[in-house]
Amino acid sequence: MRARWPRTDGPVTLVRRRIFILPTRFGLGYGGLLVLMLVGAINYGNSMAFILTFLLAGLGFVVMHHTHANLVNLKVLARPVQPVFAGQPLAIELELSNPSRRVRYTIKAGWPRKPVTTSVDIPAGRVEPTTLILATHRRGWLAVPRFAIYSEFPLGLFRAWARVELDQRALVYPRPRGDRPPPRGPAEPAERRAHLAHDDGDFAGLRTYRTGDPLRSIHWKSLARHPVPAVKLFNAQADDELWLDWNALPQLDTEARLSQLARWVVDADAQHRAYGLRLPGTVITAATDAAHRDACLKALALFDDARA
Amino acid sequence: MKRRRLGSAVLRPPRAVILQLLAATVLTLAPLTPHLPAWAVVVVLAAVTWRASSALRRWPLPNKWLRGALAIAGIAGVYLSFGRVNGLVAGGSLLTVGAALKLVELRTQRDLRVLVALLYFTLVVNFLFSQELWTIVYLFACTWLITTALIGSNHPGGASTLPWRHAMRMSGAFMLQALPLAAVLFILFPRIPGPLWGLPSDDGAEPAGLADSMAPGDIRKLVLSDAVAFRVHFESTPAPRAERYWRGPVFSHFDGRRWTPGLVSPIPARYTVEGAAIQYRIALEPSRTRWLFALDLPDARDLPPDAAINGNAVLSSTRDNLQRRDYVLRSHPRYELSPVLAEAAMQRELQLPSDIDPRTRALAQRWRAEGLTSAQIVEHALRMYRNDGFSYTLEPPPVGRNSIDDFLFRTRAGFCEHYAGSFTFLMRAAGIPARVVTGYQGGSKNLYGDYYVIRQQDAHAWSEVWIARRGWLRVDPTAAVSPARIDTGVGAALAGTAGVPDFLRVGRNSHWKDLLKARWDWVNTQWNRLVLGYGPELQTQFMRALGLASRTAMVLALTACLVISMAILGLVMNRRTRRGVRPDGARRQWLRATRRLRRYGLRQKPSETAGAFVVRVCELHPASAEWIKAVYEAYVQARYVDPEDDRRRRELSRLARAPLP
């Protein structure tokens with residue numbers, strides 16, 4: 001399997017040889033029903049029962065081809081995967097494109113041996129998105145495992161599937177966790193938080209919500225108009241710099257340290273404070289923007305204990 | 001809907017699919033209604049109505065306790081109605097009630113699939129009751145509907161819907177594609193002679209046609225039916241109409257009202273046949289009795305394997321005829337039946353109930369006292385029927401306790417059972433062994449096919465008298481009263497009398513109606529012979545004609561046919577998945593134009609817009625620059641600016657074909 005169909009970053013065309021097909025449980029039951037009907041037809045010498053049995057058998061044969069053809073020559077492409085924190089579900093967005101003139105009904109994407117109930121119909125010559133959800137547990141690079149594109153349409157007697165392995169990896173940040181106070185900066189962080197909570201500073205604008213932003217900073221008024229929540233930003237935090245330091249947490253083991261640092265990064269970013277990150281072998285100078293936050297979290301995600 | 005989005009593993013079928021399935025259920029169960037107890041029909045209708053309203057108004061479905069109670073009540077109901085839950089009618093009822101209850105709990109995709117399987121199976125049960133020509137239409141209609149509902153159930157519905165018309169078209173196409181496979185399987189799948197475990201004998205269904213006893217009015221009831229009893233194809237010269245007595249049950253015991261077989265010896269009657277034989281093939285409709293009708297008298301040396309002749313020279317099968325069956329016989333109109341009669345048999349054939357019908361007995365004894373021979377007494381009796389004002393009618397006046405006396409001396413109007421019964425009584429009273437024979441008489445030739453149709457309306461009763469050294473002789477007193485009954489049939493014989501059903505009135509049907517009826521019967525006969533009669537025997541004949549002598553060759557041919565048709569279907573399907581979406585007109589012209597630039601090594605890359613390609617062409621091949629710019633301009637105009645304008649498209653087409661500089 002792996003040898004025959006090497007990982008590529010897509011698109012992958014589900015050519016005929018890639019597609020497997022087997023009867024489903026209902027298909028086996030249908031076969032049993034046909035045997036029963038055949039025995040009845042023989043016993044009663046009943047020609048109409050023979051005709052019905054053979055018609056249904058023919059239907060089964062025909063539908064096998066239709067189920068198979070429902071997948072043949074579909075193209076599968078994965079969009080770039082957005083990083084997530086460990087423990088959060090990773091959404092892998094796929095694009096299924098149907099180059100033929102026939103509608104492909106009820107196409108499902110799922111992990112092997114896990115049933116899926118959501119499906120997409122792909123009209124002729126169109127592309128439809130679908131999403132695969134993957135649970136994340138550990139920080140670092142996560143290679144998107146092999147998944148299956150399958151369909152039981154039209155009668156549910158057969159399941160046709162193709163295994164697809166895309167050369168895609170997702171970055172998983174450490175789970176932000178830990179309740180230690182951030183290292184003392186020039187100002188007291190608790191006060192900072194109060195400032196934010198009481199909306200005291202100069203209002204600087206809105207930005208989209210990110211994980212870890214305190215609930216109280218959400219701009220509720222805009223929530224009705226925009227599906228993605230926004231948070232209010234204040235200008236009070238520009239004057240101080242916060243240094244998040246690996247060496248400030250000597251009591252913890254590596255993962256707990258990284259989680260605590262991630263917590264601090266998320267919090268500091270939420271408070272819109274300028275912060276820098278010091279890891280063994282890596283120093284990221286202080287800044288405030290989203291790219292900076294991502295760089296910090298990436299450094300935490302890929303931190304290699306042995307190398308450090 | 002909401003639950004599915006949250007990832008519930010249970011797939012709920014869309015409402016339209018449930019309604020489709022309800023329609024399929026009603027259609028599938030409809031032909032079973034005459035065989036079902038009334039309460040089962042009510043249960044089905046109630047379940048369908050309730051489930052439909054539940055789907056439309058989103059009522060909740062009953063919980064599992066109520067469902068369990070309903071299931072137990074259903075089984076108990078069937079048991080109470082039939083005293084059993086297996087057998088054809090009881091089992092069919094159970095299946096129907098089961099399908100109805102499945103409707104009530106129809107909730108998930110799994111329930112739906114179970115119901116679909118039940119419905120397919122119920123179709124088979126239907127065919128055990130009837131396999132007439134219309135059932136093939138019914139088969140396709142039901143399969144189509146059920147399959148459509150099954151397709152719908154495999155589609156989640158919701159935002160992206162599969163319109164039911166589309167599902168209909170899809171399932172129709174599948175069935176058309178399945179038809180050749182079904183035909184190949186029907187013809188070539190090796191048929192084994194059944195039955196495998198025996199046919200259910202109870203059935204609960206009424207026997208059709210002649211019964212095992214005869215009372216006044218029984219045959220009259222049969223004559224009111226237009227149903228076919230059997231069809232006959234004569235392989236030799238057909239027997240003339242007056243000779244076509246199809247022998248059925250014989251009755252020797254009389255209780256004053258009803259004739260019954262009495263004690264019948266299982267030892268075949270001894271008879272010798274002589275003279276020319278008549279060979280014929282009978283296609284008997286299912287009668288649910290054992291009688292196999294034969295012309296007087298079949299050659300005992302050449303009977304069907306499961307048939308036997310009893311002591312009354314009646315041919316019967318070892319099983320009830322639940323299925324249509326074909327058999328071939330050879331009969332001899334000239335025969336000598338039991339020229340010697342044992343004393344016990346003689347006594348049986350002289351039995352009469354005591355102390356009734358004194359006048360008839362007196363008449364017979366007077367004839368005997370006059371010193372007439374047996375043959376002369378028969379003559380006397382027939383002359384009496386002929387000359388003493390007897391009439392042939394479907395509506396005889398009522399008779400009292402002394403039914404024979406009343407008939408012979410008072411009412412003098414009756415049907416064949418009255419004549420056969422009174423004649424036999426008279427003979428016995430005169431000391432001549434006599435018995436009643438029932439069967440069919442006559443039958444009409446089909447106008448299109450070389451066969452005769454014998455309907456229930458041709459049912460008849462006549463007598464046999466035993467005369468020493470000559471054996472049993474057929475005497476038909478009805479013929480004395482109404483010669484037309486024998487010469488032209490019951491319709492002509494009854495012309496002008498009361499109570500005659502429409503189909504029996506001679507000359508009432510116009511000629512084209514008769515032709516239509518004959519044509520329809522001919523079509524039915526072909527259906528019976530070629531489709532319903534296609535079993536091991538016909539298959540062997542057919543295979544021999546095709547040159548597939550052995551069973552192995554047949555299986556090989558079947559496999560080859562299946563593989564070839566599957567391969568063809570696979571190829572067609574595969575091509576369809578590959579054939580891309582056809583580009584629109586302007587796009588095709590543009591592709592045509594750019595193809596011409598390939599000779600200069602210029603190809604539009606997939607990532608390149610048409611505009612970028614034109615810029616590249618201008619740089620790399622300046623000679624074509626003006627031309628490609630003009631084509632591009634026209635392409636943009638025709639495809640994007642003004643797609644409705646035909647002139648733009650013609651302009652583009654002209655430019656795309658224009659000679660290259």
# chains A, B, ... in the order shown; residues from 1 in each chain; ligands from 1
>>> residues_around(residues="Gly449 (chain B)", least_positions_apart="2", cutoff="10 Å", atoms="only C-alpha atoms", output="short mmCIF file (atom, residue, chain, number, x, y, z; two decimals) with C-alpha atoms, in the first residue's frame")
data_model
loop_
_atom_site.label_atom_id
_atom_site.label_comp_id
_atom_site.auth_asym_id
_atom_site.auth_seq_id
_atom_site.Cartn_x
_atom_site.Cartn_y
_atom_site.Cartn_z
CA HIS B 233 -53.70 -28.89 -26.76
CA LYS B 445 -61.20 -23.55 -29.12
CA ASN B 446 -59.06 -20.45 -28.94
CA LEU B 447 -59.24 -18.40 -32.13
CA TYR B 451 -55.72 -25.17 -28.00
CA TYR B 452 -59.05 -25.46 -26.20
CA ALA B 518 -59.35 -14.98 -27.33
CA ARG B 519 -56.19 -12.95 -27.97
CA ASP B 521 -56.29 -15.86 -23.43
CA TRP B 522 -53.67 -16.73 -26.03
CA VAL B 523 -51.20 -14.25 -24.52
CA THR B 525 -51.32 -19.20 -22.43
CA GLN B 526 -47.97 -18.23 -23.88
#
>>> residues_around(residues="Arg470 (chain B)", least_positions_apart="2", cutoff="12 Å", atoms="only C-alpha atoms", output="ChimeraX atom specification")
/B:271-272,334-341,374-375,464-468,472-474
>>> write_last_selection(atoms="N, CA and C atoms", output="PDB file, in the first residue's frame")
ATOM      1  N   TYR B 271     -59.648 -51.897 -16.710  1.00  0.00           N
ATOM      2  CA  TYR B 271     -60.332 -51.644 -17.965  1.00  0.00           C
ATOM      3  C   TYR B 271     -59.394 -51.886 -19.128  1.00  0.00           C
ATOM      4  N   THR B 272     -60.020 -52.148 -20.264  1.00  0.00           N
ATOM      5  CA  THR B 272     -59.225 -52.332 -21.467  1.00  0.00           C
ATOM      6  C   THR B 272     -59.624 -51.243 -22.451  1.00  0.00           C
ATOM      7  N   ARG B 334     -63.049 -45.518 -26.883  1.00  0.00           N
ATOM      8  CA  ARG B 334     -63.687 -46.838 -26.777  1.00  0.00           C
ATOM      9  C   ARG B 334     -62.952 -47.634 -25.722  1.00  0.00           C
ATOM     10  N   TYR B 335     -63.699 -48.086 -24.731  1.00  0.00           N
ATOM     11  CA  TYR B 335     -63.082 -48.807 -23.620  1.00  0.00           C
ATOM     12  C   TYR B 335     -64.108 -49.734 -23.009  1.00  0.00           C
ATOM     13  N   GLU B 336     -63.628 -50.629 -22.193  1.00  0.00           N
ATOM     14  CA  GLU B 336     -64.507 -51.535 -21.450  1.00  0.00           C
ATOM     15  C   GLU B 336     -64.083 -51.458 -19.993  1.00  0.00           C
ATOM     16  N   LEU B 337     -64.966 -50.832 -19.145  1.00  0.00           N
ATOM     17  CA  LEU B 337     -64.577 -50.535 -17.774  1.00  0.00           C
ATOM     18  C   LEU B 337     -65.277 -51.491 -16.816  1.00  0.00           C
ATOM     19  N   SER B 338     -64.497 -52.257 -16.077  1.00  0.00           N
ATOM     20  CA  SER B 338     -65.001 -53.204 -15.064  1.00  0.00           C
ATOM     21  C   SER B 338     -66.152 -54.056 -15.579  1.00  0.00           C
ATOM     22  N   PRO B 339     -65.905 -54.906 -16.567  1.00  0.00           N
ATOM     23  CA  PRO B 339     -67.004 -55.755 -17.062  1.00  0.00           C
ATOM     24  C   PRO B 339     -67.502 -56.717 -15.984  1.00  0.00           C
ATOM     25  N   VAL B 340     -66.661 -56.971 -14.988  1.00  0.00           N
ATOM     26  CA  VAL B 340     -67.097 -57.825 -13.886  1.00  0.00           C
ATOM     27  C   VAL B 340     -67.081 -56.972 -12.630  1.00  0.00           C
ATOM     28  N   LEU B 341     -68.182 -57.008 -11.859  1.00  0.00           N
ATOM     29  CA  LEU B 341     -68.249 -56.198 -10.662  1.00  0.00           C
ATOM     30  C   LEU B 341     -68.411 -57.127  -9.459  1.00  0.00           C
ATOM     31  N   SER B 374     -82.088 -53.922 -18.436  1.00  0.00           N
ATOM     32  CA  SER B 374     -81.419 -52.716 -17.928  1.00  0.00           C
ATOM     33  C   SER B 374     -81.335 -51.658 -19.005  1.00  0.00           C
ATOM     34  N   ALA B 375     -80.929 -52.071 -20.205  1.00  0.00           N
ATOM     35  CA  ALA B 375     -80.780 -51.114 -21.295  1.00  0.00           C
ATOM     36  C   ALA B 375     -82.107 -50.453 -21.625  1.00  0.00           C
ATOM     37  N   GLU B 464     -73.089 -42.849 -14.775  1.00  0.00           N
ATOM     38  CA  GLU B 464     -72.598 -44.086 -15.373  1.00  0.00           C
ATOM     39  C   GLU B 464     -73.474 -45.224 -14.849  1.00  0.00           C
ATOM     40  N   VAL B 465     -73.888 -46.078 -15.740  1.00  0.00           N
ATOM     41  CA  VAL B 465     -74.632 -47.264 -15.293  1.00  0.00           C
ATOM     42  C   VAL B 465     -73.809 -48.497 -15.651  1.00  0.00           C
ATOM     43  N   TRP B 466     -73.967 -49.517 -14.816  1.00  0.00           N
ATOM     44  CA  TRP B 466     -73.196 -50.735 -15.063  1.00  0.00           C
ATOM     45  C   TRP B 466     -74.102 -51.801 -15.641  1.00  0.00           C
ATOM     46  N   ILE B 467     -73.687 -52.317 -16.735  1.00  0.00           N
ATOM     47  CA  ILE B 467     -74.471 -53.348 -17.382  1.00  0.00           C
ATOM     48  C   ILE B 467     -73.580 -54.574 -17.518  1.00  0.00           C
ATOM     49  N   ALA B 468     -74.116 -55.692 -17.125  1.00  0.00           N
ATOM     50  CA  ALA B 468     -73.326 -56.916 -17.058  1.00  0.00           C
ATOM     51  C   ALA B 468     -72.624 -57.192 -18.378  1.00  0.00           C
ATOM     52  N   TRP B 472     -69.144 -50.340 -17.177  1.00  0.00           N
ATOM     53  CA  TRP B 472     -69.736 -49.025 -16.931  1.00  0.00           C
ATOM     54  C   TRP B 472     -69.925 -48.272 -18.238  1.00  0.00           C
ATOM     55  N   LEU B 473     -71.135 -47.727 -18.406  1.00  0.00           N
ATOM     56  CA  LEU B 473     -71.427 -46.968 -19.630  1.00  0.00           C
ATOM     57  C   LEU B 473     -71.847 -45.559 -19.252  1.00  0.00           C
ATOM     58  N   ARG B 474     -71.370 -44.618 -20.021  1.00  0.00           N
ATOM     59  CA  ARG B 474     -71.722 -43.239 -19.722  1.00  0.00           C
ATOM     60  C   ARG B 474     -73.118 -42.919 -20.247  1.00  0.00           C
TER      61      ARG B 474
END
>>> residues_around(residues="Gln279 (chain B)", least_positions_apart="5", cutoff="7 Å", atoms="only C-alpha atoms", output="short mmCIF file (atom, residue, chain, number, x, y, z; two decimals) with N, CA and C atoms, in the first residue's frame")
data_model
loop_
_atom_site.label_atom_id
_atom_site.label_comp_id
_atom_site.auth_asym_id
_atom_site.auth_seq_id
_atom_site.Cartn_x
_atom_site.Cartn_y
_atom_site.Cartn_z
N PHE B 234 -54.46 -30.58 -28.33
CA PHE B 234 -54.53 -31.94 -28.87
C PHE B 234 -53.35 -32.16 -29.79
N GLU B 235 -52.60 -33.22 -29.49
CA GLU B 235 -51.46 -33.52 -30.35
C GLU B 235 -51.87 -34.42 -31.49
N SER B 236 -53.04 -35.06 -31.35
CA SER B 236 -53.59 -35.82 -32.48
C SER B 236 -54.88 -35.13 -32.89
N LEU B 329 -51.45 -36.93 -21.79
CA LEU B 329 -52.19 -38.18 -21.65
C LEU B 329 -52.57 -38.71 -23.03
N ARG B 330 -52.90 -40.00 -23.01
CA ARG B 330 -53.43 -40.61 -24.22
C ARG B 330 -54.73 -41.30 -23.84
N SER B 331 -55.83 -40.90 -24.47
CA SER B 331 -57.13 -41.46 -24.09
C SER B 331 -57.75 -42.22 -25.25
#
>>> residues_around(residues="Arg348 (chain B)", least_positions_apart="2", cutoff="12 Å", atoms="only C-alpha atoms", output="list of chain:residue names")
B:Phe251, B:Ser252, B:His253, B:Phe254, B:Thr260, B:Pro261, B:Gly262, B:Leu263, B:Val264, B:Ser265, B:Leu341, B:Ala342, B:Glu343, B:Ala344, B:Ala345, B:Met346, B:Leu350, B:Gln351, B:Leu352, B:Pro353, B:Arg428, B:Gly431, B:Ile432, B:Pro433, B:Ala434, B:Arg435
>>> select_by_dssp(residues="region 414-561 of chain B", states="strand (DSSP E)", output="PyMOL selection string")
chain B and resi 414+434-441+444-445+452-455+459-467+471-475
>>> closest_atom_pairs(of="chain A", to="chain B", cutoff="8 Å", atoms="only C-alpha atoms", output="JSON lines")
{"residue": "A:Phe26", "atom": "CA", "partner": "B:Arg113", "partner_atom": "CA", "distance": 7.6}
{"residue": "A:Tyr30", "atom": "CA", "partner": "B:Ala117", "partner_atom": "CA", "distance": 7.2}
{"residue": "A:Leu33", "atom": "CA", "partner": "B:Ala117", "partner_atom": "CA", "distance": 7.3}
{"residue": "A:Met37", "atom": "CA", "partner": "B:Phe121", "partner_atom": "CA", "distance": 7.2}
{"residue": "A:Ile42", "atom": "CA", "partner": "B:Gly194", "partner_atom": "CA", "distance": 5.6}
{"residue": "A:Asn43", "atom": "CA", "partner": "B:Pro195", "partner_atom": "CA", "distance": 4.0}
{"residue": "A:Tyr44", "atom": "CA", "partner": "B:Pro195", "partner_atom": "CA", "distance": 6.0}
{"residue": "A:Gly45", "atom": "CA", "partner": "B:Gly194", "partner_atom": "CA", "distance": 6.0}
{"residue": "A:Asn46", "atom": "CA", "partner": "B:Leu128", "partner_atom": "CA", "distance": 7.1}
{"residue": "A:Ser47", "atom": "CA", "partner": "B:Leu532", "partner_atom": "CA", "distance": 5.0}
{"residue": "A:Met48", "atom": "CA", "partner": "B:Phe127", "partner_atom": "CA", "distance": 6.2}
{"residue": "A:Ala49", "atom": "CA", "partner": "B:Val124", "partner_atom": "CA", "distance": 5.3}
{"residue": "A:Phe50", "atom": "CA", "partner": "B:Phe186", "partner_atom": "CA", "distance": 6.8}
{"residue": "A:Ile51", "atom": "CA", "partner": "B:Phe186", "partner_atom": "CA", "distance": 6.4}
{"residue": "A:Leu52", "atom": "CA", "partner": "B:Leu139", "partner_atom": "CA", "distance": 7.1}
{"residue": "A:Phe54", "atom": "CA", "partner": "B:Ala182", "partner_atom": "CA", "distance": 4.7}
{"residue": "A:Leu55", "atom": "CA", "partner": "B:Ala182", "partner_atom": "CA", "distance": 4.7}
{"residue": "A:Leu56", "atom": "CA", "partner": "B:Ala178", "partner_atom": "CA", "distance": 7.9}
{"residue": "A:Ala57", "atom": "CA", "partner": "B:Ala182", "partner_atom": "CA", "distance": 7.3}
{"residue": "A:Gly58", "atom": "CA", "partner": "B:Ala178", "partner_atom": "CA", "distance": 4.4}
{"residue": "A:Leu59", "atom": "CA", "partner": "B:Ala178", "partner_atom": "CA", "distance": 5.0}
{"residue": "A:Phe61", "atom": "CA", "partner": "B:Met566", "partner_atom": "CA", "distance": 7.6}
{"residue": "A:Val62", "atom": "CA", "partner": "B:Ala178", "partner_atom": "CA", "distance": 6.1}
{"residue": "A:Val63", "atom": "CA", "partner": "B:Phe174", "partner_atom": "CA", "distance": 7.1}
{"residue": "A:His65", "atom": "CA", "partner": "B:Gly570", "partner_atom": "CA", "distance": 6.1}
{"residue": "A:His66", "atom": "CA", "partner": "B:Met573", "partner_atom": "CA", "distance": 7.2}
{"residue": "A:Ala69", "atom": "CA", "partner": "B:Met573", "partner_atom": "CA", "distance": 6.2}
{"residue": "A:Asn70", "atom": "CA", "partner": "B:Thr577", "partner_atom": "CA", "distance": 7.9}
{"residue": "A:Val72", "atom": "CA", "partner": "B:Thr577", "partner_atom": "CA", "distance": 6.4}
{"residue": "A:Asn73", "atom": "CA", "partner": "B:Thr577", "partner_atom": "CA", "distance": 6.5}
{"residue": "A:Pro99", "atom": "CA", "partner": "B:Gly580", "partner_atom": "CA", "distance": 5.5}
{"residue": "A:Ser100", "atom": "CA", "partner": "B:Gly580", "partner_atom": "CA", "distance": 4.4}
{"residue": "A:Arg101", "atom": "CA", "partner": "B:Val581", "partner_atom": "CA", "distance": 5.2}
{"residue": "A:Arg102", "atom": "CA", "partner": "B:Thr577", "partner_atom": "CA", "distance": 7.0}
{"residue": "A:Tyr105", "atom": "CA", "partner": "B:His155", "partner_atom": "CA", "distance": 7.5}
{"residue": "A:Thr106", "atom": "CA", "partner": "B:His155", "partner_atom": "CA", "distance": 6.1}
{"residue": "A:Pro115", "atom": "CA", "partner": "B:Ala9", "partner_atom": "CA", "distance": 7.5}
{"residue": "A:Val116", "atom": "CA", "partner": "B:Ala9", "partner_atom": "CA", "distance": 7.4}
{"residue": "A:Thr117", "atom": "CA", "partner": "B:Ala9", "partner_atom": "CA", "distance": 6.4}
{"residue": "A:Thr118", "atom": "CA", "partner": "B:Arg5", "partner_atom": "CA", "distance": 7.5}
{"residue": "A:Ser119", "atom": "CA", "partner": "B:Pro156", "partner_atom": "CA", "distance": 7.6}
{"residue": "A:Val120", "atom": "CA", "partner": "B:Ser160", "partner_atom": "CA", "distance": 7.9}
{"residue": "A:Asp121", "atom": "CA", "partner": "B:Ser160", "partner_atom": "CA", "distance": 6.9}
{"residue": "A:Ala124", "atom": "CA", "partner": "B:Val581", "partner_atom": "CA", "distance": 6.9}
{"residue": "A:Gly125", "atom": "CA", "partner": "B:Val581", "partner_atom": "CA", "distance": 5.7}
{"residue": "A:Glu152", "atom": "CA", "partner": "B:Asn154", "partner_atom": "CA", "distance": 7.5}
{"residue": "A:Phe153", "atom": "CA", "partner": "B:Asn154", "partner_atom": "CA", "distance": 6.2}
{"residue": "A:Pro154", "atom": "CA", "partner": "B:Ile151", "partner_atom": "CA", "distance": 5.2}
{"residue": "A:Leu155", "atom": "CA", "partner": "B:Ile151", "partner_atom": "CA", "distance": 5.2}
{"residue": "A:Gly156", "atom": "CA", "partner": "B:Asn154", "partner_atom": "CA", "distance": 6.3}
>>> write_last_selection(atoms="C-alpha atoms", output="mmCIF file, in the first residue's frame")
data_model
loop_
_atom_site.group_PDB
_atom_site.id
_atom_site.type_symbol
_atom_site.label_atom_id
_atom_site.label_comp_id
_atom_site.auth_asym_id
_atom_site.auth_seq_id
_atom_site.Cartn_x
_atom_site.Cartn_y
_atom_site.Cartn_z
ATOM 1 C CA PHE A 26 -26.617 -4.787 4.694
ATOM 2 C CA TYR A 30 -29.359 -8.703 1.011
ATOM 3 C CA LEU A 33 -32.340 -12.649 1.456
ATOM 4 C CA MET A 37 -35.892 -16.215 -2.037
ATOM 5 C CA ILE A 42 -37.125 -23.592 -6.255
ATOM 6 C CA ASN A 43 -39.373 -25.164 -3.653
ATOM 7 C CA TYR A 44 -42.562 -23.719 -5.057
ATOM 8 C CA GLY A 45 -41.378 -23.885 -8.667
ATOM 9 C CA ASN A 46 -42.545 -20.297 -8.822
ATOM 10 C CA SER A 47 -41.342 -18.484 -11.932
ATOM 11 C CA MET A 48 -42.262 -15.021 -10.726
ATOM 12 C CA ALA A 49 -40.242 -15.591 -7.575
ATOM 13 C CA PHE A 50 -37.323 -16.633 -9.814
ATOM 14 C CA ILE A 51 -37.739 -13.470 -11.879
ATOM 15 C CA LEU A 52 -37.794 -11.247 -8.785
ATOM 16 C CA PHE A 54 -32.776 -12.712 -10.439
ATOM 17 C CA LEU A 55 -33.818 -9.098 -10.952
ATOM 18 C CA LEU A 56 -32.669 -8.213 -7.444
ATOM 19 C CA ALA A 57 -29.447 -10.162 -7.998
ATOM 20 C CA GLY A 58 -28.889 -8.213 -11.226
ATOM 21 C CA LEU A 59 -29.605 -5.028 -9.329
ATOM 22 C CA PHE A 61 -24.355 -6.571 -9.611
ATOM 23 C CA VAL A 62 -25.228 -3.304 -11.330
ATOM 24 C CA VAL A 63 -25.122 -1.297 -8.137
ATOM 25 C CA HIS A 65 -20.418 -0.919 -10.484
ATOM 26 C CA HIS A 66 -22.255 2.269 -9.624
ATOM 27 C CA ALA A 69 -17.836 4.471 -10.252
ATOM 28 C CA ASN A 70 -19.002 6.915 -7.617
ATOM 29 C CA VAL A 72 -13.390 6.662 -9.633
ATOM 30 C CA ASN A 73 -11.410 9.691 -10.798
ATOM 31 C CA PRO A 99 -14.010 16.199 -13.052
ATOM 32 C CA SER A 100 -16.764 14.122 -14.661
ATOM 33 C CA ARG A 101 -20.258 14.892 -15.882
ATOM 34 C CA ARG A 102 -21.953 12.783 -13.244
ATOM 35 C CA TYR A 105 -23.513 11.540 -4.267
ATOM 36 C CA THR A 106 -22.801 10.920 -0.613
ATOM 37 C CA PRO A 115 -17.947 5.603 10.854
ATOM 38 C CA VAL A 116 -18.785 9.063 9.614
ATOM 39 C CA THR A 117 -22.235 10.468 9.148
ATOM 40 C CA THR A 118 -21.446 13.640 7.269
ATOM 41 C CA SER A 119 -21.134 13.419 3.543
ATOM 42 C CA VAL A 120 -20.943 15.660 0.519
ATOM 43 C CA ASP A 121 -22.522 15.608 -2.903
ATOM 44 C CA ALA A 124 -20.444 17.634 -12.182
ATOM 45 C CA GLY A 125 -17.234 19.564 -12.676
ATOM 46 C CA GLU A 152 -21.947 3.362 -0.134
ATOM 47 C CA PHE A 153 -24.224 5.147 -2.549
ATOM 48 C CA PRO A 154 -26.661 4.269 -4.143
ATOM 49 C CA LEU A 155 -28.115 1.274 -2.295
ATOM 50 C CA GLY A 156 -25.774 0.764 0.640
#
>>> select_by_dssp(residues="region 86-200 of chain A", states="helix (DSSP H, G or I)", output="list in words")
Pro189, Ala190, Glu191, Arg192, Arg193, Ala194, His195, Leu196 and Ala197 of chain A
>>> write_last_selection(atoms="N, CA and C atoms", output="mmCIF file, in the first residue's frame")
data_model
loop_
_atom_site.group_PDB
_atom_site.id
_atom_site.type_symbol
_atom_site.label_atom_id
_atom_site.label_comp_id
_atom_site.auth_asym_id
_atom_site.auth_seq_id
_atom_site.Cartn_x
_atom_site.Cartn_y
_atom_site.Cartn_z
ATOM 1 N N PRO A 189 1.343 42.346 36.739
ATOM 2 C CA PRO A 189 0.429 41.787 35.742
ATOM 3 C C PRO A 189 -1.027 41.753 36.225
ATOM 4 N N ALA A 190 -1.215 41.548 37.543
ATOM 5 C CA ALA A 190 -2.593 41.491 38.026
ATOM 6 C C ALA A 190 -3.307 42.805 37.748
ATOM 7 N N GLU A 191 -2.577 43.916 37.964
ATOM 8 C CA GLU A 191 -3.170 45.225 37.685
ATOM 9 C C GLU A 191 -3.500 45.372 36.199
ATOM 10 N N ARG A 192 -2.538 44.845 35.412
ATOM 11 C CA ARG A 192 -2.757 44.927 33.966
ATOM 12 C C ARG A 192 -4.081 44.279 33.585
ATOM 13 N N ARG A 193 -4.259 43.122 34.179
ATOM 14 C CA ARG A 193 -5.465 42.382 33.852
ATOM 15 C C ARG A 193 -6.709 43.179 34.243
ATOM 16 N N ALA A 194 -6.593 43.818 35.457
ATOM 17 C CA ALA A 194 -7.722 44.608 35.915
ATOM 18 C C ALA A 194 -8.002 45.741 34.947
ATOM 19 N N HIS A 195 -6.921 46.339 34.467
ATOM 20 C CA HIS A 195 -7.092 47.418 33.490
ATOM 21 C C HIS A 195 -7.900 46.933 32.298
ATOM 22 N N LEU A 196 -7.478 45.768 31.876
ATOM 23 C CA LEU A 196 -8.156 45.240 30.692
ATOM 24 C C LEU A 196 -9.626 44.950 31.002
ATOM 25 N N ALA A 197 -9.829 44.334 32.166
ATOM 26 C CA ALA A 197 -11.175 43.923 32.502
ATOM 27 C C ALA A 197 -12.101 45.110 32.681
#
>>> residues_around(residues="Arg113 (chain A)", least_positions_apart="6", cutoff="12 Å", atoms="only C-alpha atoms", output="ChimeraX atom specification")
/A:146-150,161,163
>>> atom_distance(atom1="CA of His418 (chain B)", atom2="CA of Arg244 (chain B)")
20.7 Å
>>> closest_residue(among="A:Leu252, A:Leu22, A:Ala86, A:Val76", to="Glu165 (chain A)", atoms="only C-alpha atoms")
A:Val76
